[in-house]
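Next comes model.txt, with compact mmCIF, C-alpha atoms.
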```txt
# COMPACT_ATOMS: atom_id res chain seq x y z
CA MET A 1 221.84 144.91 101.76
CA SER A 2 220.62 145.54 98.24
CA GLU A 3 217.36 147.33 97.55
CA ALA A 4 215.96 144.13 96.00
CA ASN A 5 216.74 142.15 99.20
CA GLN A 6 215.16 144.88 101.31
CA GLN A 7 212.00 144.68 99.18
CA VAL A 8 211.86 140.89 99.60
CA ILE A 9 212.22 141.19 103.38
CA GLU A 10 209.56 143.94 103.44
CA SER A 11 207.15 141.75 101.45
CA LEU A 12 207.70 138.86 103.88
CA LYS A 13 207.28 141.08 106.94
CA TYR A 14 204.22 142.82 105.50
CA PRO A 15 202.68 140.47 102.92
CA ILE A 16 199.49 142.55 102.69
CA GLY A 17 201.38 145.83 103.00
CA ARG A 18 201.94 147.99 106.03
CA TRP A 19 198.96 149.25 107.97
CA VAL A 20 197.95 152.76 106.98
CA LYS A 21 196.34 155.03 109.56
CA PRO A 22 192.93 156.18 108.32
CA ASP A 23 192.66 159.92 107.72
CA ILE A 24 188.97 160.41 108.36
CA ALA A 25 186.63 158.59 110.75
CA GLN A 26 183.92 157.18 108.50
CA LEU A 27 181.21 154.93 109.87
CA GLU A 28 181.14 152.76 106.73
CA SER A 29 184.85 151.98 107.06
CA PHE A 30 184.34 151.15 110.73
CA LYS A 31 181.61 148.66 109.81
CA VAL A 32 183.92 146.96 107.29
CA TRP A 33 186.62 146.61 109.96
CA ILE A 34 184.13 145.17 112.44
CA GLU A 35 183.22 142.53 109.86
CA GLN A 36 186.90 141.69 109.28
CA ILE A 37 187.39 141.37 113.04
CA ARG A 38 184.29 139.15 113.22
CA LEU A 39 185.54 136.82 110.48
CA PHE A 40 189.12 136.50 111.70
CA PRO A 41 188.77 133.60 114.20
CA ASP A 42 186.93 131.38 111.71
CA SER A 43 189.46 132.21 108.99
CA LEU A 44 192.29 131.36 111.37
CA GLN A 45 190.64 128.11 112.37
CA ASP A 46 190.08 127.14 108.73
CA LEU A 47 193.68 127.91 107.84
CA CYS A 48 195.09 125.97 110.82
CA ARG A 49 192.80 122.96 110.53
CA ASN A 50 194.78 119.70 110.40
CA LEU A 51 198.20 121.29 110.88
CA THR A 52 200.85 118.92 112.17
CA ALA A 53 203.51 119.62 114.78
CA PRO A 54 206.09 120.23 112.00
CA ASP A 55 203.65 122.64 110.32
CA LEU A 56 203.33 124.62 113.56
CA ALA A 57 207.12 124.98 113.66
CA LEU A 58 207.27 126.58 110.19
CA THR A 59 208.24 130.22 109.82
CA TYR A 60 207.28 132.73 107.14
CA ARG A 61 210.77 134.22 106.89
CA GLU A 62 214.17 133.67 108.45
CA GLY A 63 214.09 134.68 112.10
CA SER A 64 210.31 135.08 112.25
CA TRP A 65 207.86 133.58 114.68
CA THR A 66 206.59 130.08 114.06
CA VAL A 67 203.00 129.41 113.03
CA ARG A 68 202.35 128.34 116.64
CA GLN A 69 203.71 131.65 117.95
CA VAL A 70 201.70 133.67 115.43
CA VAL A 71 198.43 131.99 116.47
CA HIS A 72 199.08 132.53 120.18
CA HIS A 73 200.28 136.10 119.50
CA CYS A 74 196.95 136.89 117.85
CA ALA A 75 195.12 135.82 121.01
CA ASP A 76 197.46 137.84 123.23
CA SER A 77 197.29 140.90 121.02
CA HIS A 78 193.55 140.85 120.50
CA MET A 79 192.89 140.39 124.22
CA ASN A 80 194.94 143.51 124.86
CA ALA A 81 193.11 145.38 122.10
CA TYR A 82 189.69 144.46 123.46
CA ILE A 83 190.65 145.64 126.94
CA ARG A 84 192.11 148.87 125.53
CA HIS A 85 188.86 149.50 123.65
CA LYS A 86 186.76 148.93 126.75
CA LEU A 87 189.01 151.24 128.76
CA ALA A 88 188.78 153.97 126.11
CA PHE A 89 185.00 153.73 126.18
CA THR A 90 184.58 153.64 129.96
CA GLU A 91 187.34 156.03 131.03
CA ASP A 92 188.53 159.43 129.92
CA LYS A 93 191.62 158.93 127.75
CA PRO A 94 193.20 156.16 129.83
CA ARG A 95 196.88 155.33 129.62
CA ILE A 96 197.28 151.70 128.53
CA ASN A 97 200.01 149.25 129.40
CA PRO A 98 202.14 148.23 126.44
CA TYR A 99 203.69 144.77 126.48
CA ASP A 100 206.72 143.16 124.85
CA GLU A 101 205.14 140.87 122.26
CA ASN A 102 208.49 139.16 121.55
CA LEU A 103 208.90 138.21 125.21
CA TRP A 104 205.28 137.04 125.33
CA SER A 105 205.96 134.86 122.24
CA GLU A 106 208.60 132.93 124.19
CA THR A 107 206.52 132.00 127.24
CA LYS A 108 205.76 128.37 127.99
CA ASP A 109 202.05 128.66 127.19
CA VAL A 110 202.88 129.95 123.70
CA LEU A 111 205.51 127.30 123.07
CA GLU A 112 203.56 124.32 124.43
CA VAL A 113 199.79 124.89 124.54
CA ASP A 114 197.70 123.56 121.66
CA ILE A 115 196.80 126.35 119.22
CA GLU A 116 193.14 125.31 119.46
CA VAL A 117 193.11 126.91 122.92
CA SER A 118 193.99 130.30 121.42
CA ILE A 119 191.62 129.81 118.48
CA SER A 120 188.77 129.02 120.90
CA LEU A 121 189.74 132.03 122.98
CA LEU A 122 189.72 134.23 119.87
CA LYS A 123 186.28 132.95 118.86
CA ALA A 124 184.81 133.85 122.25
CA LEU A 125 186.74 137.11 122.53
CA HIS A 126 185.77 138.28 119.05
CA GLN A 127 182.11 137.52 119.73
CA ARG A 128 182.26 139.91 122.70
CA TRP A 129 184.48 142.44 120.90
CA VAL A 130 182.27 142.62 117.82
CA SER A 131 179.17 143.04 119.97
CA PHE A 132 180.91 145.87 121.82
CA LEU A 133 182.09 147.58 118.61
CA GLN A 134 178.69 147.28 116.90
CA ALA A 135 177.01 148.94 119.87
CA LEU A 136 179.35 151.94 119.97
CA PRO A 137 177.55 155.21 119.29
CA GLU A 138 179.12 156.97 116.31
CA GLN A 139 180.18 159.93 118.43
CA ASP A 140 182.27 157.57 120.60
CA LEU A 141 184.44 156.29 117.75
CA LEU A 142 186.89 159.10 118.49
CA ARG A 143 187.24 158.18 122.18
CA SER A 144 190.87 157.25 122.71
CA PHE A 145 193.52 155.72 124.89
CA TYR A 146 197.08 156.94 125.39
CA HIS A 147 199.79 154.58 124.17
CA PRO A 148 203.05 155.48 125.96
CA ASP A 149 205.30 153.62 123.48
CA LYS A 150 203.82 155.61 120.61
CA ASP A 151 203.53 158.78 122.74
CA ARG A 152 200.10 159.61 121.36
CA TYR A 153 196.39 159.03 121.70
CA ILE A 154 194.79 156.32 119.57
CA SER A 155 191.07 156.47 118.82
CA LEU A 156 188.76 153.48 118.81
CA PHE A 157 188.23 154.13 115.11
CA GLU A 158 191.97 153.98 114.39
CA SER A 159 192.50 150.95 116.62
CA ALA A 160 189.66 149.01 114.95
CA SER A 161 191.34 149.69 111.62
CA LEU A 162 194.66 148.43 112.95
CA TYR A 163 193.20 145.22 114.36
CA ALA A 164 191.18 144.42 111.25
CA TRP A 165 194.49 144.73 109.36
CA HIS A 166 196.35 142.79 112.09
CA GLY A 167 194.25 139.68 111.62
CA LEU A 168 194.67 139.71 107.84
CA HIS A 169 198.39 140.42 108.26
CA HIS A 170 198.94 137.31 110.38
CA LEU A 171 196.73 135.10 108.23
CA ALA A 172 199.05 136.05 105.37
CA HIS A 173 202.08 135.14 107.50
CA ILE A 174 200.68 131.68 108.17
CA LYS A 175 199.89 131.20 104.47
CA LEU A 176 203.48 132.17 103.63
CA ALA A 177 204.85 129.67 106.15
CA LEU A 178 202.68 126.88 104.75
CA LYS A 179 203.64 127.85 101.20
CA ASN A 180 207.32 127.67 102.20
CA LYS A 181 206.71 124.07 103.29
CA GLN A 182 205.23 123.21 99.89
CA THR A 183 208.13 124.73 97.97
CA SER A 184 210.81 123.09 100.15
```
What would the structure in this file look like if it were written as structure tokens?
Amino acid sequence: MSEANQQVIESLKYPIGRWVKPDIAQLESFKVWIEQIRLFPDSLQDLCRNLTAPDLALTYREGSWTVRQVVHHCADSHMNAYIRHKLAFTEDKPRINPYDENLWSETKDVLEVDIEVSISLLKALHQRWVSFLQALPEQDLLRSFYHPDKDRYISLFESASLYAWHGLHHLAHIKLALKNKQTS
């Protein structure tokens, strides 16, 4: 594959760029990420308003998830993140359970349930999650959980950064899929 083709695939996989692990735990950055997490469900709802069944079947690149799968994936992923954050706060460096997001994306609930169910779930979940994150004492931002697939500890600070990016990343995927429809 040519370098140009690799760059195109990279830009479709990561339309806002790859997530970059923050170097230093800064409270101001954490507050920005909390706000991005807070805004995500409404942004997702706005973007998905009035989508048709054919729209939900669109993909953002060849072989990617459909819009439907992306929406349900966000609910699955963010539920896991919230639970991981609560575990990291209430336990001493807990080991979390990873999950196979590709297998989860093929389950019947993902393939058949209305996306409004996951959007409603995200709205409620993010209300709780944001409340939890806003209440964290600054000294607890470095509390962490152990991720066995990554073979390392991940702090609440780092994870909040990742999930703020994650929401924006998947909003961009849905926008790409809808743009592909318009250019077809």
Near range 24-36 of chain A, within 12 Å and counting only C-alpha atoms, which residues show up once chain neighbours fewer than 5 positions away are dropped, as a PDB file with C-alpha atoms, in the coordinates of the input?
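out35.pdb written:
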```pdb
ATOM      1  CA  PRO A  41     188.770 133.600 114.200  1.00  0.00           C
ATOM      2  CA  ASP A  42     186.930 131.380 111.710  1.00  0.00           C
ATOM      3  CA  SER A  43     189.460 132.210 108.990  1.00  0.00           C
ATOM      4  CA  LEU A  44     192.290 131.360 111.370  1.00  0.00           C
ATOM      5  CA  HIS A 126     185.770 138.280 119.050  1.00  0.00           C
ATOM      6  CA  GLN A 127     182.110 137.520 119.730  1.00  0.00           C
ATOM      7  CA  ARG A 128     182.260 139.910 122.700  1.00  0.00           C
ATOM      8  CA  TRP A 129     184.480 142.440 120.900  1.00  0.00           C
ATOM      9  CA  VAL A 130     182.270 142.620 117.820  1.00  0.00           C
ATOM     10  CA  SER A 131     179.170 143.040 119.970  1.00  0.00           C
ATOM     11  CA  PHE A 132     180.910 145.870 121.820  1.00  0.00           C
ATOM     12  CA  LEU A 133     182.090 147.580 118.610  1.00  0.00           C
ATOM     13  CA  GLN A 134     178.690 147.280 116.900  1.00  0.00           C
ATOM     14  CA  ALA A 135     177.010 148.940 119.870  1.00  0.00           C
ATOM     15  CA  LEU A 136     179.350 151.940 119.970  1.00  0.00           C
ATOM     16  CA  PRO A 137     177.550 155.210 119.290  1.00  0.00           C
ATOM     17  CA  GLU A 138     179.120 156.970 116.310  1.00  0.00           C
ATOM     18  CA  GLN A 139     180.180 159.930 118.430  1.00  0.00           C
ATOM     19  CA  ASP A 140     182.270 157.570 120.600  1.00  0.00           C
ATOM     20  CA  LEU A 141     184.440 156.290 117.750  1.00  0.00           C
ATOM     21  CA  LEU A 142     186.890 159.100 118.490  1.00  0.00           C
ATOM     22  CA  ARG A 143     187.240 158.180 122.180  1.00  0.00           C
ATOM     23  CA  SER A 155     191.070 156.470 118.820  1.00  0.00           C
ATOM     24  CA  LEU A 156     188.760 153.480 118.810  1.00  0.00           C
ATOM     25  CA  PHE A 157     188.230 154.130 115.110  1.00  0.00           C
ATOM     26  CA  GLU A 158     191.970 153.980 114.390  1.00  0.00           C
ATOM     27  CA  SER A 159     192.500 150.950 116.620  1.00  0.00           C
ATOM     28  CA  ALA A 160     189.660 149.010 114.950  1.00  0.00           C
ATOM     29  CA  SER A 161     191.340 149.690 111.620  1.00  0.00           C
ATOM     30  CA  LEU A 162     194.660 148.430 112.950  1.00  0.00           C
ATOM     31  CA  TYR A 163     193.200 145.220 114.360  1.00  0.00           C
ATOM     32  CA  ALA A 164     191.180 144.420 111.250  1.00  0.00           C
ATOM     33  CA  TRP A 165     194.490 144.730 109.360  1.00  0.00           C
ATOM     34  CA  HIS A 166     196.350 142.790 112.090  1.00  0.00           C
ATOM     35  CA  GLY A 167     194.250 139.680 111.620  1.00  0.00           C
ATOM     36  CA  LEU A 168     194.670 139.710 107.840  1.00  0.00           C
ATOM     37  CA  HIS A 169     198.390 140.420 108.260  1.00  0.00           C
ATOM     38  CA  LEU A 171     196.730 135.100 108.230  1.00  0.00           C
TER      39      LEU A 171
END
```
Each residue of range 101-169 of chain A lying at most 6 Å from range 67-85 of chain A should get a row with its shortest atom-to-atom pair and the distance in Å to one decimal, counting all atoms listed in the file; could you produce that, ordered by chain and increasing number, as a tab-separated table?
```
residue	atom	partner	partner_atom	distance
A:Ser105	CA	A:Gln69	CA	5.8
A:Val110	CA	A:His72	CA	5.8
A:Ser118	CA	A:Ala75	CA	5.6
A:Leu122	CA	A:Ala75	CA	5.7
```
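Between CA of Lys179 in chain A and CA of Tyr60 in chain A the separation is 8.5 Å.
A straight line drawn from CA of His147 in chain A to CA of Ala88 in chain A is 11.2 Å long.
Taking all atoms listed in the file into account, Ser144 in chain A lies nearest to A:Glu91 out of the set A:Glu91, A:Glu106, A:Asp114, A:Asp100.
Among the candidates A:Leu87, A:Ile115, A:Leu176, A:Ala124, the residue lying nearest to Ile154 in chain A is A:Leu87 (atoms considered: only C-alpha atoms).
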Rank A:Trp104, A:Tyr153, A:Trp19, A:Phe145 by their smallest atom-to-atom distance to Trp65 in chain A, using only C-alpha atoms, and report the top residue only.
A:Trp104
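Interatomic distance, CA of Pro15 in chain A against CA of Glu112 in chain A: 26.9 Å.
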Min atom-atom distance to Ser11 in chain A from the set A:Lys123, A:His173, A:Arg38, A:Lys93, counting only C-alpha atoms, belongs to A:His173
Near range 45-54 of chain A, 8 Å: range 69-177 of chain A residue rows, closest pairs, only C-alpha atoms, as a tab-separated table:
```
residue	atom	partner	partner_atom	distance
A:Ile119	CA	A:Gln45	CA	6.4
A:Leu171	CA	A:Leu47	CA	7.8
A:Ile174	CA	A:Leu47	CA	8.0
A:Lys175	CA	A:Leu47	CA	7.8
```
What would range 62-96 of chain A look like with N, CA and C atoms in place, written as an mmCIF file, in the frame of the given file?
```cif
data_model
loop_
_atom_site.group_PDB
_atom_site.id
_atom_site.type_symbol
_atom_site.label_atom_id
_atom_site.label_comp_id
_atom_site.auth_asym_id
_atom_site.auth_seq_id
_atom_site.Cartn_x
_atom_site.Cartn_y
_atom_site.Cartn_z
ATOM 1 N N GLU A 62 213.075 133.982 107.536
ATOM 2 C CA GLU A 62 214.170 133.670 108.450
ATOM 3 C C GLU A 62 214.085 134.569 109.681
ATOM 4 N N GLY A 63 214.120 133.933 110.855
ATOM 5 C CA GLY A 63 214.090 134.680 112.100
ATOM 6 C C GLY A 63 212.704 135.097 112.573
ATOM 7 N N SER A 64 211.668 134.683 111.857
ATOM 8 C CA SER A 64 210.310 135.080 112.250
ATOM 9 C C SER A 64 209.746 134.117 113.291
ATOM 10 N N TRP A 65 208.577 134.476 113.790
ATOM 11 C CA TRP A 65 207.860 133.580 114.680
ATOM 12 C C TRP A 65 207.396 132.352 113.910
ATOM 13 N N THR A 66 207.160 131.288 114.645
ATOM 14 C CA THR A 66 206.590 130.080 114.060
ATOM 15 C C THR A 66 205.077 130.279 113.901
ATOM 16 N N VAL A 67 204.455 129.379 113.162
ATOM 17 C CA VAL A 67 203.000 129.410 113.030
ATOM 18 C C VAL A 67 202.359 129.345 114.414
ATOM 19 N N ARG A 68 202.872 128.473 115.264
ATOM 20 C CA ARG A 68 202.350 128.340 116.640
ATOM 21 C C ARG A 68 202.419 129.695 117.355
ATOM 22 N N GLN A 69 203.550 130.366 117.275
ATOM 23 C CA GLN A 69 203.710 131.650 117.950
ATOM 24 C C GLN A 69 202.779 132.715 117.371
ATOM 25 N N VAL A 70 202.593 132.691 116.070
ATOM 26 C CA VAL A 70 201.700 133.670 115.430
ATOM 27 C C VAL A 70 200.273 133.489 115.946
ATOM 28 N N VAL A 71 199.804 132.245 116.007
ATOM 29 C CA VAL A 71 198.430 131.990 116.470
ATOM 30 C C VAL A 71 198.259 132.480 117.907
ATOM 31 N N HIS A 72 199.190 132.108 118.776
ATOM 32 C CA HIS A 72 199.080 132.530 120.180
ATOM 33 C C HIS A 72 199.258 134.045 120.312
ATOM 34 N N HIS A 73 200.117 134.634 119.492
ATOM 35 C CA HIS A 73 200.280 136.100 119.500
ATOM 36 C C HIS A 73 198.960 136.793 119.170
ATOM 37 N N CYS A 74 198.235 136.274 118.215
ATOM 38 C CA CYS A 74 196.950 136.890 117.850
ATOM 39 C C CYS A 74 196.017 136.924 119.051
ATOM 40 N N ALA A 75 195.969 135.840 119.816
ATOM 41 C CA ALA A 75 195.120 135.820 121.010
ATOM 42 C C ALA A 75 195.613 136.852 122.024
ATOM 43 N N ASP A 76 196.908 136.881 122.277
ATOM 44 C CA ASP A 76 197.460 137.840 123.230
ATOM 45 C C ASP A 76 197.181 139.279 122.789
ATOM 46 N N SER A 77 197.447 139.559 121.546
ATOM 47 C CA SER A 77 197.290 140.900 121.020
ATOM 48 C C SER A 77 195.838 141.353 121.022
ATOM 49 N N HIS A 78 194.954 140.478 120.601
ATOM 50 C CA HIS A 78 193.550 140.850 120.500
ATOM 51 C C HIS A 78 192.888 140.974 121.873
ATOM 52 N N MET A 79 193.371 140.187 122.856
ATOM 53 C CA MET A 79 192.890 140.390 124.220
ATOM 54 C C MET A 79 193.264 141.782 124.711
ATOM 55 N N ASN A 80 194.499 142.173 124.462
ATOM 56 C CA ASN A 80 194.940 143.510 124.860
ATOM 57 C C ASN A 80 194.126 144.584 124.145
ATOM 58 N N ALA A 81 193.877 144.394 122.867
ATOM 59 C CA ALA A 81 193.110 145.380 122.100
ATOM 60 C C ALA A 81 191.700 145.532 122.658
ATOM 61 N N TYR A 82 191.050 144.427 122.923
ATOM 62 C CA TYR A 82 189.690 144.460 123.460
ATOM 63 C C TYR A 82 189.664 145.242 124.785
ATOM 64 N N ILE A 83 190.598 144.948 125.651
ATOM 65 C CA ILE A 83 190.650 145.640 126.940
ATOM 66 C C ILE A 83 190.936 147.130 126.737
ATOM 67 N N ARG A 84 191.819 147.458 125.819
ATOM 68 C CA ARG A 84 192.110 148.870 125.530
ATOM 69 C C ARG A 84 190.857 149.584 125.013
ATOM 70 N N HIS A 85 190.095 148.906 124.181
ATOM 71 C CA HIS A 85 188.860 149.500 123.650
ATOM 72 C C HIS A 85 187.856 149.746 124.770
ATOM 73 N N LYS A 86 187.701 148.765 125.642
ATOM 74 C CA LYS A 86 186.760 148.930 126.750
ATOM 75 C C LYS A 86 187.208 150.062 127.674
ATOM 76 N N LEU A 87 188.494 150.154 127.924
ATOM 77 C CA LEU A 87 189.010 151.240 128.760
ATOM 78 C C LEU A 87 188.741 152.601 128.105
ATOM 79 N N ALA A 88 188.995 152.698 126.815
ATOM 80 C CA ALA A 88 188.780 153.970 126.110
ATOM 81 C C ALA A 88 187.321 154.385 126.162
ATOM 82 N N PHE A 89 186.429 153.420 126.151
ATOM 83 C CA PHE A 89 185.000 153.730 126.180
ATOM 84 C C PHE A 89 184.520 154.102 127.587
ATOM 85 N N THR A 90 185.090 153.467 128.602
ATOM 86 C CA THR A 90 184.580 153.640 129.960
ATOM 87 C C THR A 90 185.363 154.639 130.795
ATOM 88 N N GLU A 91 186.517 155.072 130.298
ATOM 89 C CA GLU A 91 187.340 156.030 131.030
ATOM 90 C C GLU A 91 187.684 157.200 130.115
ATOM 91 N N ASP A 92 188.171 158.260 130.695
ATOM 92 C CA ASP A 92 188.530 159.430 129.920
ATOM 93 C C ASP A 92 190.015 159.372 129.540
ATOM 94 N N LYS A 93 190.270 158.995 128.302
ATOM 95 C CA LYS A 93 191.620 158.930 127.750
ATOM 96 C C LYS A 93 192.611 158.183 128.659
ATOM 97 N N PRO A 94 192.319 156.913 128.935
ATOM 98 C CA PRO A 94 193.200 156.160 129.830
ATOM 99 C C PRO A 94 194.569 155.885 129.197
ATOM 100 N N ARG A 95 195.537 155.738 130.039
ATOM 101 C CA ARG A 95 196.880 155.330 129.620
ATOM 102 C C ARG A 95 196.893 153.802 129.673
ATOM 103 N N ILE A 96 197.276 153.169 128.566
ATOM 104 C CA ILE A 96 197.280 151.700 128.530
ATOM 105 C C ILE A 96 198.684 151.185 128.859
#
```
